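*Asks:* The structure is given below, and queries will be raised subsequently.
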Amino acid sequence: MDYNVYQIIMINNFSIIIRFIQLSLFLIIFTACVNNNGDIYKNNQDSGRIENFDSVEIRKRHLDSLNAIRHERDLGNLEISDFLNSSAATHARDIFKQQRAWNFGSDGSSPQKRAEVSGFVGIITGENVSETYEGEFLVLQVWLKNSLSRSVLLNKEATHLGLGWYQEKNGKIWWVQVLGFKK
């Protein structure tokens, strides 16, 4: 083989190897930077802080799960309400401060009043609260096992859903779920 041809082949091969290494490094760096927020939040021990997860995706999975349950019972689908999300998140922070998972605000407000303050124009059919270390699916299972909470989840008049939470430093989450229908 001619020496010049051999040199050209070696340079081409070397150039291909360099491009392959560059592409590999790019892919490694790119995938290391990709956020894992699409994962399911299980709990603080397994998943870390809930704030590192996409709140929109958490709410969407919650809505999809609840709508599947409602569909099995021939109930209408719910849709997410940003107003009710705001109301739920505010109440989650408030019950954390009160250190009591209940439906009353520290100012004496009801779920209806909090929803109205958040901008929701409609009627609240119910509110579920929970103080737990569990994640997004287990809290829904707990609510389904409780007859009062289940009646809120399966209220045939409900058309809108809000979900909010507050997580303490120790991993405990204060969950609030609000359901209602627009006027």
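Ordered as shown in the structure tokens, chains take letters A, B, and onward, while each chain numbers its residues from 1 and ligands are numbered from 1 in the order shown.
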Quick check for you: according to DSSP on this backbone, which residues of range 134-168 of chain A are classed as alpha helix (DSSP H)? Reply as a PyMOL selection string.
*Replies:* chain A and resi 136-145+147-153
*Asks:* Next, write the just-selected residues to a file, as a PDB file, in the first residue's frame, keeping C-alpha atoms as the atom set.
*Replies:*
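Output saved as part30.pdb:
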```pdb
ATOM      1  CA  GLU A 136     -48.299  10.781  45.722  1.00  0.00           C
ATOM      2  CA  PHE A 137     -49.913   7.380  45.081  1.00  0.00           C
ATOM      3  CA  LEU A 138     -49.977   6.084  48.636  1.00  0.00           C
ATOM      4  CA  VAL A 139     -51.765   9.172  49.919  1.00  0.00           C
ATOM      5  CA  LEU A 140     -54.484   8.583  47.315  1.00  0.00           C
ATOM      6  CA  GLN A 141     -54.775   4.956  48.456  1.00  0.00           C
ATOM      7  CA  VAL A 142     -55.142   6.082  52.072  1.00  0.00           C
ATOM      8  CA  TRP A 143     -57.916   8.488  51.094  1.00  0.00           C
ATOM      9  CA  LEU A 144     -59.680   5.739  49.151  1.00  0.00           C
ATOM     10  CA  LYS A 145     -59.648   3.419  52.177  1.00  0.00           C
ATOM     11  CA  SER A 147     -65.104   6.193  53.795  1.00  0.00           C
ATOM     12  CA  LEU A 148     -65.371   9.965  54.372  1.00  0.00           C
ATOM     13  CA  SER A 149     -62.370  10.765  52.153  1.00  0.00           C
ATOM     14  CA  ARG A 150     -63.591   8.299  49.521  1.00  0.00           C
ATOM     15  CA  SER A 151     -66.971  10.065  49.425  1.00  0.00           C
ATOM     16  CA  VAL A 152     -65.133  13.313  48.601  1.00  0.00           C
ATOM     17  CA  LEU A 153     -63.150  11.601  45.838  1.00  0.00           C
TER      18      LEU A 153
END
```
*Asks:* Compile the contact shell of range 91-96 of chain A as a VMD selection string: residues with an atom at most 12 Å away, counting only C-alpha atoms, same-chain residues fewer than 2 positions apart removed.
*Replies:* chain A and resid 84 to 89 98 to 115 117 to 118 127 to 132 162 to 169 172 to 178
*Asks:* Given only C-alpha atoms as the basis, pick out the residue of A:Gly180, A:Glu79, A:Ala158, A:Glu72 nearest to Ile123 in chain A.
*Replies:* A:Gly180
*Asks:* By how many Å are CA of Ala68 in chain A and CA of Ser55 in chain A apart?
*Replies:* 19.9 Å
*Asks:* Find the distance between CA of Glu51 in chain A and CA of Gly135 in chain A and write it in Å to one decimal.
*Replies:*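 Separation of CA of Glu51 in chain A and CA of Gly135 in chain A: 12.3 Å.
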*Asks:* Pick the closest to Gly48 in chain A from A:Glu134, A:Asn155, A:Arg61, A:Phe181: which is it, counting only C-alpha atoms?
*Replies:* A:Glu134
*Asks:* Any idea what the distance is between CA of Lys182 in chain A and CA of Gly76 in chain A?
*Replies:*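 Straight-line distance from CA of Lys182 in chain A to CA of Gly76 in chain A works out to 14.0 Å.
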*Asks:* Looking only at strand (DSSP E or B) from DSSP on the backbone, list the matching residues of range 33-175 of chain A as an mmCIF file with C-alpha atoms, in the first residue's frame.
*Replies:*
```
data_model
loop_
_atom_site.group_PDB
_atom_site.id
_atom_site.type_symbol
_atom_site.label_atom_id
_atom_site.label_comp_id
_atom_site.auth_asym_id
_atom_site.auth_seq_id
_atom_site.Cartn_x
_atom_site.Cartn_y
_atom_site.Cartn_z
ATOM 1 C CA ASN A 43 -41.347 9.266 49.746
ATOM 2 C CA GLU A 79 -59.988 18.557 35.574
ATOM 3 C CA ILE A 80 -57.204 20.447 37.307
ATOM 4 C CA GLY A 122 -67.937 27.528 42.293
ATOM 5 C CA ILE A 123 -68.906 25.201 45.101
ATOM 6 C CA ILE A 124 -66.445 23.041 47.040
ATOM 7 C CA THR A 125 -67.751 19.499 47.372
ATOM 8 C CA GLY A 126 -65.022 18.351 49.739
ATOM 9 C CA GLU A 127 -61.457 18.521 50.944
ATOM 10 C CA ASN A 128 -59.081 15.746 52.001
ATOM 11 C CA VAL A 129 -56.014 16.335 54.150
ATOM 12 C CA SER A 130 -53.179 14.066 55.208
ATOM 13 C CA GLU A 131 -50.043 14.258 57.317
ATOM 14 C CA THR A 132 -47.715 11.513 56.134
ATOM 15 C CA GLU A 134 -45.821 8.747 51.952
ATOM 16 C CA HIS A 160 -62.522 20.220 39.357
ATOM 17 C CA LEU A 161 -59.565 19.165 41.456
ATOM 18 C CA GLY A 162 -56.807 20.951 43.296
ATOM 19 C CA LEU A 163 -53.821 19.263 44.937
ATOM 20 C CA GLY A 164 -51.255 20.930 47.146
ATOM 21 C CA TRP A 165 -48.577 19.920 49.622
ATOM 22 C CA TYR A 166 -45.962 21.198 51.987
ATOM 23 C CA GLN A 167 -42.917 19.141 52.973
ATOM 24 C CA ILE A 173 -45.671 15.930 53.765
ATOM 25 C CA TRP A 174 -48.905 17.739 54.484
ATOM 26 C CA TRP A 175 -51.199 16.908 51.545
#
```
